[in-house]
file target-v3.txt (compact mmCIF, C-alpha atoms)
# COMPACT_ATOMS: atom_id res chain seq x y z
CA MET I 1 15.60 38.47 -51.03
CA THR I 2 16.15 42.21 -50.61
CA LEU I 3 16.83 41.74 -46.88
CA ILE I 4 19.32 38.95 -47.60
CA ALA I 5 21.08 41.15 -50.14
CA ILE I 6 21.30 44.00 -47.62
CA ILE I 7 22.73 41.68 -44.94
CA ALA I 8 25.27 40.31 -47.39
CA PHE I 9 26.25 43.84 -48.40
CA ALA I 10 26.57 44.81 -44.73
CA LEU I 11 28.98 41.93 -44.14
CA VAL I 12 31.06 42.87 -47.18
CA LEU I 13 31.04 46.53 -46.15
CA GLY I 14 32.06 45.65 -42.58
CA MET I 15 34.96 43.55 -43.81
CA GLY I 16 35.97 46.36 -46.15
CA MET I 17 35.95 48.93 -43.36
CA PHE I 18 37.97 46.61 -41.09
CA ALA I 19 40.49 46.09 -43.86
CA THR I 20 40.64 49.87 -44.40
CA TRP I 21 41.33 50.42 -40.68
CA GLN I 22 44.11 47.83 -40.75
CA VAL I 23 45.67 49.35 -43.87
CA VAL I 24 45.57 52.90 -42.41
CA ARG I 25 47.03 51.68 -39.11
CA ALA I 26 49.78 49.73 -40.85
CA LYS I 27 50.62 52.69 -43.10
CA LEU I 28 50.88 55.15 -40.20
CA SER I 29 52.97 52.70 -38.18
CA ALA I 30 55.28 52.10 -41.12
CA ASP I 31 55.76 55.84 -41.73
CA LEU I 32 56.54 56.50 -38.03
CA SER I 33 58.90 53.53 -37.95
CA ASP I 34 60.72 54.91 -41.00
CA LEU I 35 61.10 58.30 -39.30
CA ALA I 36 62.45 56.70 -36.11
CA ALA I 37 64.77 54.45 -38.06
CA GLY I 38 66.18 57.43 -39.94
CA ALA I 39 66.75 59.37 -36.72
CA ALA I 40 68.33 56.31 -35.06
CA ALA I 41 70.66 55.79 -38.02
CA ASN I 42 71.73 59.44 -37.93
CA ALA I 43 72.39 59.23 -34.17
CA ALA I 44 74.31 55.96 -34.65
CA LEU I 45 76.51 57.67 -37.24
CA ALA I 46 77.12 60.53 -34.81
CA VAL I 47 78.24 58.28 -31.93
CA GLU I 48 80.47 56.25 -34.24
CA LYS I 49 82.46 59.32 -35.30
CA GLY I 50 82.58 60.97 -31.86
CA PRO I 51 83.70 62.90 -30.10
CA ALA I 52 82.00 61.54 -27.01
CA ASP I 53 79.18 63.90 -26.24
CA SER I 54 76.16 63.42 -24.06
CA VAL I 55 73.86 65.40 -26.39
CA ILE I 56 72.23 63.87 -29.54
CA PHE I 57 70.51 66.30 -31.88
CA PRO I 58 67.02 65.50 -33.21
CA LEU I 59 66.34 64.58 -36.84
CA ASN I 60 63.09 64.74 -38.86
CA ARG I 61 61.02 65.90 -35.91
CA VAL I 62 62.19 62.87 -33.87
CA ASN I 63 63.34 64.57 -30.66
CA ARG I 64 63.43 61.61 -28.30
CA ILE I 65 66.70 59.75 -28.75
CA GLN I 66 68.76 57.78 -26.21
CA VAL I 67 72.11 56.02 -26.37
CA VAL I 68 72.15 53.20 -23.83
CA ALA I 69 75.26 51.24 -22.80
CA ASN I 70 75.26 47.52 -22.04
CA ASP I 71 75.02 48.18 -18.33
CA GLY I 72 71.84 50.21 -18.74
CA ARG I 73 73.36 53.68 -18.41
CA VAL I 74 72.10 56.43 -20.69
CA VAL I 75 75.38 57.76 -22.04
CA ALA I 76 73.87 60.26 -24.47
CA ALA I 77 70.41 61.64 -25.22
CA SER I 78 68.55 64.31 -27.11
CA PRO I 79 67.59 67.44 -25.14
CA ALA I 80 63.99 66.20 -24.70
CA MET I 81 65.24 62.98 -23.05
CA LYS I 82 68.10 64.46 -20.98
CA GLY I 83 68.06 63.06 -17.45
CA GLN I 84 65.49 60.35 -18.25
CA PRO I 85 66.09 56.69 -17.47
CA PRO I 86 66.24 54.32 -20.43
CA LEU I 87 62.80 53.65 -21.89
CA THR I 88 63.86 50.17 -22.95
CA ARG I 89 66.83 47.86 -22.79
CA THR I 90 65.68 45.51 -25.50
CA ARG I 91 68.52 44.32 -27.69
CA PRO I 92 68.36 42.57 -31.04
CA PRO I 93 68.99 38.83 -31.25
CA PRO I 94 72.45 37.58 -32.26
CA GLY I 95 73.31 38.35 -35.84
CA GLU I 96 70.91 41.30 -36.12
CA THR I 97 71.37 45.00 -35.41
CA ARG I 98 67.82 46.38 -35.25
CA VAL I 99 64.93 46.03 -32.86
CA ASP I 100 61.35 47.45 -33.11
CA GLU I 101 58.90 47.68 -30.24
CA THR I 102 56.21 49.83 -28.62
CA VAL I 103 56.81 51.38 -25.20
CA CYS I 104 54.25 53.20 -23.06
CA ALA I 105 55.55 55.70 -20.45
CA ALA I 106 55.02 59.16 -18.95
CA LEU I 107 57.61 61.55 -20.41
CA PRO I 108 58.19 65.29 -20.20
CA PRO I 109 57.19 67.92 -20.92
CA THR I 110 53.52 66.94 -20.39
CA GLY I 111 54.11 64.03 -18.05
CA GLU I 112 51.11 62.21 -19.51
CA ARG I 113 51.40 58.55 -20.17
CA ALA I 114 51.71 57.81 -23.89
CA CYS I 115 52.83 55.05 -26.19
CA TYR I 116 55.88 55.37 -28.42
CA GLY I 117 57.18 53.44 -31.37
CA VAL I 118 60.83 52.65 -30.67
CA VAL I 119 63.48 51.70 -33.23
CA GLY I 120 66.82 50.59 -31.78
CA LEU I 121 70.09 50.17 -33.67
CA ARG I 122 73.14 48.41 -32.20
CA VAL I 123 76.47 50.19 -32.60
CA GLU I 124 79.36 47.96 -31.49
CA ARG I 125 82.18 50.46 -32.09
CA SER I 126 81.30 53.91 -30.94
CA ALA I 127 82.75 56.62 -28.79
CA TYR I 128 80.82 54.95 -25.92
CA GLY I 129 81.69 51.38 -26.78
CA ASP I 130 79.02 48.77 -27.56
CA VAL I 131 75.73 50.68 -27.27
CA MET I 132 72.11 50.74 -28.45
CA VAL I 133 70.73 53.87 -30.11
CA TYR I 134 67.00 54.24 -29.56
CA ALA I 135 64.79 56.70 -31.45
CA MET I 136 61.17 57.15 -30.30
CA THR I 137 58.16 58.61 -32.07
CA PRO I 138 54.83 59.04 -30.27
CA GLU I 139 51.86 57.25 -31.76
CA PRO I 140 49.50 59.82 -33.32
CA PRO I 141 46.07 60.37 -31.74
CA LEU I 142 44.51 58.59 -34.72
CA LEU I 143 46.13 55.35 -33.56
CA ARG I 144 45.82 55.96 -29.84
CA SER I 145 42.08 56.74 -29.90
CA SER I 146 38.98 55.11 -31.32
CA PHE I 147 38.23 58.12 -33.51
CA LEU I 148 39.05 56.40 -36.78
CA VAL I 149 37.15 53.25 -35.81
CA VAL I 150 34.09 55.26 -34.78
CA THR I 151 34.29 57.37 -37.94
CA LEU I 152 34.49 54.33 -40.17
CA ALA I 153 31.64 52.66 -38.28
CA LEU I 154 29.42 55.73 -38.60
CA PHE I 155 30.27 56.09 -42.27
CA SER I 156 29.52 52.40 -42.88
CA SER I 157 26.22 52.63 -41.01
CA GLY I 158 25.15 55.71 -42.96
CA LEU I 159 26.18 54.22 -46.28
CA LEU I 160 24.47 50.93 -45.45
CA THR I 161 21.29 52.73 -44.42
CA LEU I 162 21.27 54.81 -47.59
CA LEU I 163 21.95 51.82 -49.83
CA GLY I 164 19.40 49.68 -47.99
CA TRP I 165 16.73 52.34 -48.38
CA GLY I 166 17.59 52.77 -52.05
CA ALA I 167 17.56 49.01 -52.66
CA TRP I 168 14.23 48.68 -50.88
CA GLN I 169 12.70 51.48 -52.94
CA LEU I 170 14.15 50.10 -56.18
CA ALA I 171 12.94 46.59 -55.40
CA GLY I 172 9.50 47.96 -54.56
CA ARG I 173 9.24 49.84 -57.85
CA THR I 174 10.59 46.85 -59.76
CA LEU I 175 8.28 44.30 -58.15
CA ALA I 176 5.17 46.46 -58.16
CA PRO I 177 4.28 45.42 -61.76
CA VAL I 178 4.90 41.78 -60.79
CA GLU I 179 2.47 42.15 -57.89
CA ARG I 180 -0.13 43.69 -60.23
CA ILE I 181 0.33 40.80 -62.65
CA ARG I 182 -0.01 38.31 -59.79
CA ALA I 183 -3.22 39.98 -58.62
CA GLU I 184 -4.63 39.94 -62.15
CA MET I 185 -3.66 36.31 -62.68
CA THR I 186 -5.43 35.21 -59.49
CA GLU I 187 -8.69 36.59 -60.89
CA ILE I 188 -8.41 34.70 -64.17
CA THR I 189 -10.28 31.40 -64.20
CA ALA I 190 -10.91 28.71 -66.79
CA SER I 191 -14.42 30.10 -67.28
CA ASP I 192 -13.08 33.53 -68.26
CA LEU I 193 -9.77 33.62 -70.08
CA SER I 194 -10.51 36.81 -71.99
CA ARG I 195 -8.77 39.11 -69.50
CA ARG I 196 -5.35 40.48 -70.38
CA MET I 197 -2.57 42.15 -68.41
CA PRO I 198 -2.01 45.90 -68.92
CA VAL I 199 1.27 46.30 -70.79
CA PRO I 200 3.63 48.92 -69.26
CA THR I 201 4.75 51.68 -71.60
CA SER I 202 8.36 51.43 -70.40
CA GLY I 203 9.31 48.87 -73.03
CA ASN I 204 11.64 47.08 -70.60
CA GLU I 205 11.81 43.43 -69.57
CA MET I 206 8.62 43.77 -67.52
CA ALA I 207 6.73 44.91 -70.62
CA GLN I 208 8.13 41.94 -72.56
CA LEU I 209 7.07 39.60 -69.75
CA THR I 210 3.55 41.08 -69.79
CA ARG I 211 3.27 40.65 -73.56
CA THR I 212 4.45 37.05 -73.23
CA ILE I 213 1.84 36.36 -70.54
CA ASN I 214 -0.88 37.92 -72.70
CA ALA I 215 0.20 35.82 -75.69
CA THR I 216 0.13 32.70 -73.50
CA LEU I 217 -3.35 33.59 -72.24
CA GLU I 218 -4.51 34.11 -75.80
CA ARG I 219 -3.23 30.69 -76.87
CA LEU I 220 -4.77 29.14 -73.78
CA GLU I 221 -8.10 30.83 -74.49
CA ARG I 222 -8.07 29.54 -78.06
CA ALA I 223 -7.17 26.04 -76.89
CA VAL I 224 -9.94 26.01 -74.27
CA GLU I 225 -12.43 27.37 -76.79
CA ASN I 226 -11.42 24.70 -79.30
CA GLN I 227 -11.83 22.03 -76.63
CA ARG I 228 -15.28 23.33 -75.71
CA ARG I 229 -16.37 23.48 -79.34
CA PHE I 230 -14.93 20.04 -79.96
CA ALA I 231 -16.75 18.58 -76.94
CA SER I 232 -20.00 20.19 -78.09
CA ASP I 233 -19.60 18.97 -81.68
CA ALA I 234 -18.53 15.50 -80.55
CA SER I 235 -21.53 15.14 -78.27
CA HIS I 236 -23.80 16.27 -81.10
CA GLU I 237 -22.18 13.89 -83.60
CA LEU I 238 -22.52 10.98 -81.18
CA ARG I 239 -26.02 11.88 -80.11
CA THR I 240 -27.44 11.94 -83.65
CA PRO I 241 -26.70 8.31 -84.66
CA LEU I 242 -27.48 7.10 -81.13
CA THR I 243 -30.87 8.83 -81.23
CA GLY I 244 -31.62 7.43 -84.68
CA LEU I 245 -30.55 3.94 -83.66
CA ARG I 246 -32.64 4.02 -80.49
CA THR I 247 -35.68 5.39 -82.31
CA LYS I 248 -35.57 2.67 -84.97
CA LEU I 249 -35.18 -0.04 -82.35
CA GLU I 250 -38.09 1.32 -80.29
CA LEU I 251 -40.32 1.47 -83.38
CA ALA I 252 -39.35 -2.07 -84.34
CA ILE I 253 -40.20 -3.30 -80.83
CA SER I 254 -43.47 -1.38 -80.55
CA ASP I 255 -44.73 -2.43 -84.02
CA PRO I 256 -42.81 -5.46 -85.37
CA GLU I 257 -45.06 -5.74 -88.43
CA ALA I 258 -44.69 -2.12 -89.57
CA GLU I 259 -41.42 -2.65 -91.44
CA ASP I 260 -39.43 -5.50 -92.81
CA PRO I 261 -36.96 -6.63 -90.04
CA LEU I 262 -34.13 -6.92 -92.55
CA THR I 263 -34.64 -3.33 -93.66
CA THR I 264 -34.68 -2.20 -90.02
CA MET I 265 -31.49 -4.07 -89.21
CA ARG I 266 -29.73 -2.61 -92.24
CA SER I 267 -30.75 0.91 -91.18
CA VAL I 268 -29.65 0.25 -87.62
CA LEU I 269 -26.35 -1.17 -88.89
CA ALA I 270 -25.76 2.00 -90.94
CA ASP I 271 -26.27 4.10 -87.79
CA ALA I 272 -23.94 1.79 -85.86
CA ASP I 273 -21.32 2.06 -88.60
CA ARG I 274 -21.52 5.83 -88.47
CA LEU I 275 -21.30 5.78 -84.68
CA GLN I 276 -18.28 3.48 -84.87
CA ALA I 277 -16.59 5.76 -87.43
CA VAL I 278 -17.08 8.82 -85.21
CA ILE I 279 -15.77 7.03 -82.13
CA GLU I 280 -12.71 5.71 -83.98
CA ASP I 281 -11.95 9.18 -85.28
CA LEU I 282 -12.34 10.66 -81.80
CA LEU I 283 -10.01 8.05 -80.32
CA LEU I 284 -7.42 8.73 -83.04
CA LEU I 285 -7.62 12.47 -82.40
CA ALA I 286 -7.14 11.85 -78.68
CA CYS I 287 -4.01 9.80 -79.45
CA LEU I 288 -2.64 12.52 -81.74
CA ASP I 289 -3.38 15.26 -79.19
CA SER I 290 -1.56 13.29 -76.48
CA GLY I 291 1.51 12.86 -78.69
CA VAL I 292 1.23 9.11 -79.27
CA ARG I 293 3.36 8.12 -82.26
CA GLY I 294 3.78 4.83 -84.05
CA ALA I 295 7.15 3.17 -84.57
CA PRO I 296 9.02 5.29 -87.18
CA GLU I 297 10.32 3.69 -90.33
CA VAL I 298 11.43 4.71 -93.81
CA ILE I 299 8.39 4.66 -96.12
CA ASP I 300 8.26 4.81 -99.92
CA LEU I 301 5.26 7.06 -100.63
CA ALA I 302 4.63 5.59 -104.08
CA ASP I 303 4.31 2.10 -102.58
CA LEU I 304 2.14 3.39 -99.74
CA VAL I 305 -0.23 5.20 -102.12
CA THR I 306 -0.50 2.14 -104.36
CA SER I 307 -1.32 -0.17 -101.45
CA GLU I 308 -3.92 2.24 -100.01
CA VAL I 309 -5.64 2.69 -103.39
CA GLU I 310 -5.75 -1.07 -103.96
CA ARG I 311 -6.97 -1.77 -100.43
CA ARG I 312 -9.79 0.78 -100.35
CA PRO I 313 -12.84 0.49 -102.60
CA ILE I 314 -13.19 3.71 -104.62
CA ARG I 315 -16.27 4.60 -106.67
CA HIS I 316 -14.47 6.73 -109.25
CA GLU I 317 -11.54 6.20 -111.52
CA VAL I 318 -8.17 6.85 -109.85
CA LEU I 319 -5.29 8.18 -111.97
CA LEU I 320 -1.86 7.67 -110.39
CA LYS I 321 1.27 9.64 -111.24
CA LEU I 322 3.87 8.34 -108.82
CA LYS I 323 7.59 9.06 -108.70
CA PRO I 324 9.45 6.07 -107.23
CA GLY I 325 12.07 6.46 -104.54
CA VAL I 326 10.38 9.34 -102.69
CA THR I 327 10.81 8.26 -99.08
CA VAL I 328 9.90 9.79 -95.74
CA ARG I 329 10.37 8.68 -92.13
CA GLY I 330 7.32 8.13 -89.97
CA SER I 331 4.55 5.83 -88.84
CA ARG I 332 3.23 3.67 -91.68
CA VAL I 333 -0.12 3.23 -89.90
CA GLN I 334 -0.67 6.94 -89.37
CA LEU I 335 0.52 8.00 -92.83
CA GLY I 336 -1.67 5.28 -94.30
CA ARG I 337 -4.63 6.73 -92.39
CA LEU I 338 -3.75 10.19 -93.70
CA LEU I 339 -3.80 8.99 -97.33
CA THR I 340 -7.01 7.02 -96.72
CA ASN I 341 -8.73 10.15 -95.43
CA LEU I 342 -7.58 12.21 -98.41
CA LEU I 343 -8.70 9.51 -100.84
CA ALA I 344 -12.05 9.12 -99.08
CA ASN I 345 -12.62 12.88 -99.16
CA ALA I 346 -11.74 13.12 -102.85
CA ASP I 347 -13.84 10.06 -103.77
CA ARG I 348 -16.80 11.44 -101.84
CA HIS I 349 -16.84 14.74 -103.72
CA ALA I 350 -15.45 13.79 -107.16
CA ALA I 351 -17.61 13.88 -110.27
CA LYS I 352 -15.74 11.34 -112.40
CA GLU I 353 -12.13 10.85 -111.36
CA VAL I 354 -9.51 11.26 -108.65
CA GLN I 355 -5.83 11.96 -109.30
CA VAL I 356 -2.98 11.13 -106.92
CA ARG I 357 0.52 12.46 -107.58
CA VAL I 358 3.75 11.76 -105.69
CA GLY I 359 6.92 13.77 -106.27
CA SER I 360 9.57 15.85 -104.52
CA ARG I 361 10.40 19.55 -104.49
CA SER I 362 12.83 21.66 -102.45
CA GLY I 363 13.85 18.84 -100.13
CA GLU I 364 10.27 17.80 -99.40
CA ALA I 365 8.11 14.89 -100.48
CA VAL I 366 4.91 16.16 -102.12
CA VAL I 367 1.67 14.22 -102.36
CA GLU I 368 -1.30 15.78 -104.21
CA VAL I 369 -4.85 14.38 -104.17
CA ILE I 370 -7.12 16.05 -106.73
CA ASP I 371 -10.81 15.57 -107.46
CA ASP I 372 -13.01 17.07 -110.18
CA GLY I 373 -15.92 17.93 -107.92
CA LEU I 374 -17.30 21.28 -106.77
CA GLY I 375 -14.05 22.26 -105.08
CA ILE I 376 -13.44 24.30 -101.95
CA PRO I 377 -13.98 28.09 -101.95
CA GLU I 378 -10.72 29.92 -101.33
CA LYS I 379 -11.99 31.62 -98.19
CA GLU I 380 -13.02 28.23 -96.74
CA ARG I 381 -9.78 26.36 -97.46
CA GLU I 382 -8.48 26.69 -93.93
CA ARG I 383 -11.78 26.07 -92.21
CA VAL I 384 -12.18 22.60 -93.75
CA PHE I 385 -9.34 21.46 -91.46
CA GLN I 386 -11.30 22.41 -88.35
CA ARG I 387 -12.97 19.54 -86.56
CA PHE I 388 -16.58 18.74 -87.49
CA THR I 389 -16.59 21.39 -90.23
CA ARG I 390 -18.96 20.88 -93.19
CA LEU I 391 -19.24 23.56 -95.80
CA ASP I 392 -22.54 22.82 -97.55
CA SER I 393 -25.14 20.20 -98.27
CA ALA I 394 -22.83 18.43 -100.68
CA ARG I 395 -20.47 17.83 -97.76
CA SER I 396 -23.12 16.71 -95.27
CA ARG I 397 -23.67 13.62 -93.19
CA ASP I 398 -25.54 12.07 -96.10
CA ALA I 399 -22.25 12.03 -98.01
CA GLY I 400 -20.86 9.72 -95.37
CA GLY I 401 -18.26 11.96 -93.72
CA THR I 402 -17.78 12.49 -90.00
CA GLY I 403 -16.27 15.95 -90.31
CA LEU I 404 -13.01 14.64 -88.83
CA GLY I 405 -11.19 13.18 -91.84
CA LEU I 406 -9.27 16.27 -92.93
CA PRO I 407 -8.54 17.49 -89.36
CA ILE I 408 -7.09 14.06 -88.56
CA ALA I 409 -5.03 14.14 -91.76
CA ARG I 410 -3.58 17.55 -90.89
CA ASP I 411 -2.79 16.50 -87.32
CA ILE I 412 -0.89 13.48 -88.65
CA ALA I 413 0.99 15.71 -91.12
CA VAL I 414 1.97 18.14 -88.34
CA ALA I 415 3.04 15.22 -86.13
CA HIS I 416 5.43 14.21 -88.93
CA ARG I 417 6.82 17.78 -89.22
CA GLY I 418 4.88 18.31 -92.42
CA ARG I 419 2.09 20.45 -93.86
CA LEU I 420 -1.32 19.77 -95.36
CA TYR I 421 -3.26 22.48 -97.15
CA ALA I 422 -5.77 23.12 -99.94
CA ALA I 423 -4.54 24.76 -103.15
CA ASP I 424 -5.79 25.79 -106.60
CA THR I 425 -6.21 23.20 -109.34
CA ALA I 426 -4.81 23.58 -112.84
CA THR I 427 -8.30 23.58 -114.39
CA GLY I 428 -9.85 25.83 -111.76
CA ARG I 429 -12.37 23.11 -110.87
CA GLY I 430 -12.36 20.60 -108.08
CA ALA I 431 -10.28 20.39 -104.90
CA ARG I 432 -6.53 19.90 -104.61
CA LEU I 433 -5.10 18.84 -101.27
CA VAL I 434 -1.30 19.02 -100.96
CA LEU I 435 0.77 17.11 -98.40
CA ARG I 436 4.41 18.08 -97.86
CA LEU I 437 6.73 16.00 -95.66
CA PRO I 438 10.49 16.15 -95.04
CA LEU I 439 12.40 13.70 -97.20
CA SER I 440 14.22 10.96 -95.33
CA THR I 441 18.02 11.13 -95.25
CA ALA I 442 20.65 8.44 -95.60
CA ALA I 443 20.96 8.36 -91.81
CA ASP I 444 17.28 7.35 -91.52
CA SER I 445 17.80 4.20 -93.56
call {"tool": "encode", "arguments": {"input": "target-v3.txt", "output": "structure tokens"}}
result
Amino acid sequence: MTLIAIIAFALVLGMGMFATWQVVRAKLSADLSDLAAGAAANAALAVEKGPADSVIFPLNRVNRIQVVANDGRVVAASPAMKGQPPLTRTRPPPGETRVDETVCAALPPTGERACYGVVGLRVERSAYGDVMVYAMTPEPPLLRSSFLVVTLALFSSGLLTLLGWGAWQLAGRTLAPVERIRAEMTEITASDLSRRMPVPTSGNEMAQLTRTINATLERLERAVENQRRFASDASHELRTPLTGLRTKLELAISDPEAEDPLTTMRSVLADADRLQAVIEDLLLLACLDSGVRGAPEVIDLADLVTSEVERRPIRHEVLLKLKPGVTVRGSRVQLGRLLTNLLANADRHAAKEVQVRVGSRSGEAVVEVIDDGLGIPEKERERVFQRFTRLDSARSRDAGGTGLGLPIARDIAVAHRGRLYAADTATGRGARLVLRLPLSTAADS
């Protein structure tokens, strides 16, 4: 890219220098033409007034002037052109009085061949009759030689070389941090994402880019670590019921009389149910992680809570405090699963009763599920939403949970642009899980 930029600059610079040469040449030619025209006009005035004289005096350093009759005779001339044949006999076209041309000839006193700019004015009524007055100015050396062209070319080459070197050095210093970042990134692999880029102290855009890369690596490292932990926990959760199921079946086959077959089948069925629950939760998490969403619709949360409570068998008393008309937009299946998970969690850990409240605050729908059990320690309130997290023996496999209910509920809340978190209860006892979702608008209906 630097080379392309230098080539492009060279082309622009070349065109600029060519244009400069043309402007200088045109300016010099115009100035000389003005001088010759002034001298020719003065000589024309002189021959108009007479008396007839063969000598024309110079004007404005223009000392080569001739007055040429129609037959080609030089009837008057300046001292420098006395005795010289006419340099030109060019006459203006009909209706015009002026002619401009360039003539090259060898003239005294040097006798060297040179080029002259000639301005001729026609004077129809003069002391010599109908004549042409020619004034000649020699082209300056700057126009006759290649000095100006060579000077401009050398200047352009030097400037281009200097700018090219500077651009190359600047590009090298600018891209050096990028090359270091590239070298560091090539050494980072999925097995080791802990490395970070050194942040330059300049505080410029390169430092901002480095900080962004480091932040991206940090998020990637957390995501990979979560995936590894999830895979480890999932394999453990699946292996436990599978091992128990296999062991019970092997014992039943090896010693059919040791235990009542019905009891064995019920135990095996419990392990199969647990295995099925874990697999279903894992499949749902995979769908949520991949961004799969159900068909959105406007949902009345009071109706949804009522239907989920009536549909699901709950061991404890459920107290409902529902505000009608609180609607959200989302997937009824997924939001139903969210409420089911919250109800199942509360029912599993409640002592006597579970409360469910639906309301609205600050433009959000608010659903609260409260139990009167042991509660969740404040420092553990965020960890309960991590996958396969169990806090103590009261929240163990024996309680029937898979460790995925609350993580699934939070993922569904986030997918619906909402929040799910644990908060304090009014009595200081038990757990209170709060779901906040954006209220649906009239346009959603």
call {"tool": "closest_residue", "arguments": {"input": "target-v3.txt", "among": "I:Lys49, I:Arg274, I:Arg311, I:Arg211", "to": "Leu238 of chain I", "atoms": "only C-alpha atoms"}}
result
I:Arg274
call {"tool": "closest_residue", "arguments": {"input": "target-v3.txt", "among": "I:Leu163, I:Leu437, I:Ala135, I:Val199", "to": "Arg180 of chain I", "atoms": "all atoms listed in the file"}}
result
I:Val199
call {"tool": "atom_distance", "arguments": {"input": "target-v3.txt", "atom1": "atom CA of Thr327 of chain I", "atom2": "atom CA of Ala415 of chain I"}}
result
16.6 Å
call {"tool": "residues_around", "arguments": {"input": "target-v3.txt", "residues": "Arg125 of chain I", "least_positions_apart": "2", "cutoff": "12 Å", "atoms": "only C-alpha atoms", "output": "number ranges by chain"}}
result
I: 44-50, 69, 122-123, 127-132
call {"tool": "closest_residue", "arguments": {"input": "target-v3.txt", "among": "I:Leu11, I:Leu159, I:Ala153, I:Ala114", "to": "Met136 of chain I", "atoms": "all atoms listed in the file"}}
result
I:Ala114
call {"tool": "residues_around", "arguments": {"input": "target-v3.txt", "residues": "Pro86 of chain I", "least_positions_apart": "6", "cutoff": "8 Å", "atoms": "only C-alpha atoms", "output": "ChimeraX atom specification"}}
result
/I:66,68,72-74
call {"tool": "closest_residue", "arguments": {"input": "target-v3.txt", "among": "I:Arg195, I:Lys323, I:Arg332, I:Arg222", "to": "Arg361 of chain I", "atoms": "all atoms listed in the file"}}
result
I:Lys323
call {"tool": "closest_residue", "arguments": {"input": "target-v3.txt", "among": "I:Leu245, I:His349, I:Gln355, I:Ala258", "to": "Asp273 of chain I", "atoms": "all atoms listed in the file"}}
result
I:Leu245
call {"tool": "residues_around", "arguments": {"input": "target-v3.txt", "residues": "Ile279 of chain I", "least_positions_apart": "3", "cutoff": "12 Å", "atoms": "all atoms listed in the file", "output": "VMD selection string"}}
result
chain I and resid 234 to 235 237 to 239 241 to 242 272 to 276 282 to 286 402 404
call {"tool": "atom_distance", "arguments": {"input": "target-v3.txt", "atom1": "atom CA of Glu368 of chain I", "atom2": "atom CA of Gly403 of chain I"}}
result
20.4 Å
call {"tool": "build_atoms", "arguments": {"input": "target-v3.txt", "residues": "segment 263-273 of chain I", "atoms": "N, CA, C and O atoms", "output": "PDB file, keeping the file's coordinate frame"}}
result
ATOM      1  N   THR I 263     -34.840  -4.760 -93.350  1.00  0.00           N
ATOM      2  CA  THR I 263     -34.640  -3.330 -93.660  1.00  0.00           C
ATOM      3  C   THR I 263     -34.285  -2.550 -92.396  1.00  0.00           C
ATOM      4  O   THR I 263     -33.401  -1.686 -92.394  1.00  0.00           O
ATOM      5  N   THR I 264     -34.960  -2.879 -91.293  1.00  0.00           N
ATOM      6  CA  THR I 264     -34.680  -2.200 -90.020  1.00  0.00           C
ATOM      7  C   THR I 264     -33.257  -2.479 -89.560  1.00  0.00           C
ATOM      8  O   THR I 264     -32.529  -1.562 -89.118  1.00  0.00           O
ATOM      9  N   MET I 265     -32.841  -3.728 -89.659  1.00  0.00           N
ATOM     10  CA  MET I 265     -31.490  -4.070 -89.210  1.00  0.00           C
ATOM     11  C   MET I 265     -30.427  -3.396 -90.081  1.00  0.00           C
ATOM     12  O   MET I 265     -29.381  -2.973 -89.576  1.00  0.00           O
ATOM     13  N   ARG I 266     -30.693  -3.298 -91.380  1.00  0.00           N
ATOM     14  CA  ARG I 266     -29.730  -2.610 -92.240  1.00  0.00           C
ATOM     15  C   ARG I 266     -29.634  -1.124 -91.881  1.00  0.00           C
ATOM     16  O   ARG I 266     -28.536  -0.551 -91.846  1.00  0.00           O
ATOM     17  N   SER I 267     -30.756  -0.498 -91.579  1.00  0.00           N
ATOM     18  CA  SER I 267     -30.750   0.910 -91.180  1.00  0.00           C
ATOM     19  C   SER I 267     -30.035   1.101 -89.844  1.00  0.00           C
ATOM     20  O   SER I 267     -29.244   2.039 -89.654  1.00  0.00           O
ATOM     21  N   VAL I 268     -30.334   0.172 -88.910  1.00  0.00           N
ATOM     22  CA  VAL I 268     -29.650   0.250 -87.620  1.00  0.00           C
ATOM     23  C   VAL I 268     -28.156   0.022 -87.783  1.00  0.00           C
ATOM     24  O   VAL I 268     -27.324   0.691 -87.139  1.00  0.00           O
ATOM     25  N   LEU I 269     -27.768  -0.913 -88.659  1.00  0.00           N
ATOM     26  CA  LEU I 269     -26.350  -1.170 -88.890  1.00  0.00           C
ATOM     27  C   LEU I 269     -25.649   0.045 -89.482  1.00  0.00           C
ATOM     28  O   LEU I 269     -24.499   0.343 -89.133  1.00  0.00           O
ATOM     29  N   ALA I 270     -26.342   0.779 -90.368  1.00  0.00           N
ATOM     30  CA  ALA I 270     -25.760   2.000 -90.940  1.00  0.00           C
ATOM     31  C   ALA I 270     -25.503   3.030 -89.844  1.00  0.00           C
ATOM     32  O   ALA I 270     -24.454   3.688 -89.820  1.00  0.00           O
ATOM     33  N   ASP I 271     -26.486   3.166 -88.914  1.00  0.00           N
ATOM     34  CA  ASP I 271     -26.270   4.100 -87.790  1.00  0.00           C
ATOM     35  C   ASP I 271     -25.121   3.630 -86.902  1.00  0.00           C
ATOM     36  O   ASP I 271     -24.319   4.441 -86.413  1.00  0.00           O
ATOM     37  N   ALA I 272     -25.032   2.318 -86.685  1.00  0.00           N
ATOM     38  CA  ALA I 272     -23.940   1.790 -85.860  1.00  0.00           C
ATOM     39  C   ALA I 272     -22.587   2.001 -86.545  1.00  0.00           C
ATOM     40  O   ALA I 272     -21.585   2.324 -85.879  1.00  0.00           O
ATOM     41  N   ASP I 273     -22.564   1.809 -87.868  1.00  0.00           N
ATOM     42  CA  ASP I 273     -21.320   2.060 -88.600  1.00  0.00           C
ATOM     43  C   ASP I 273     -20.883   3.510 -88.468  1.00  0.00           C
ATOM     44  O   ASP I 273     -19.697   3.804 -88.275  1.00  0.00           O
TER      45      ASP I 273
END
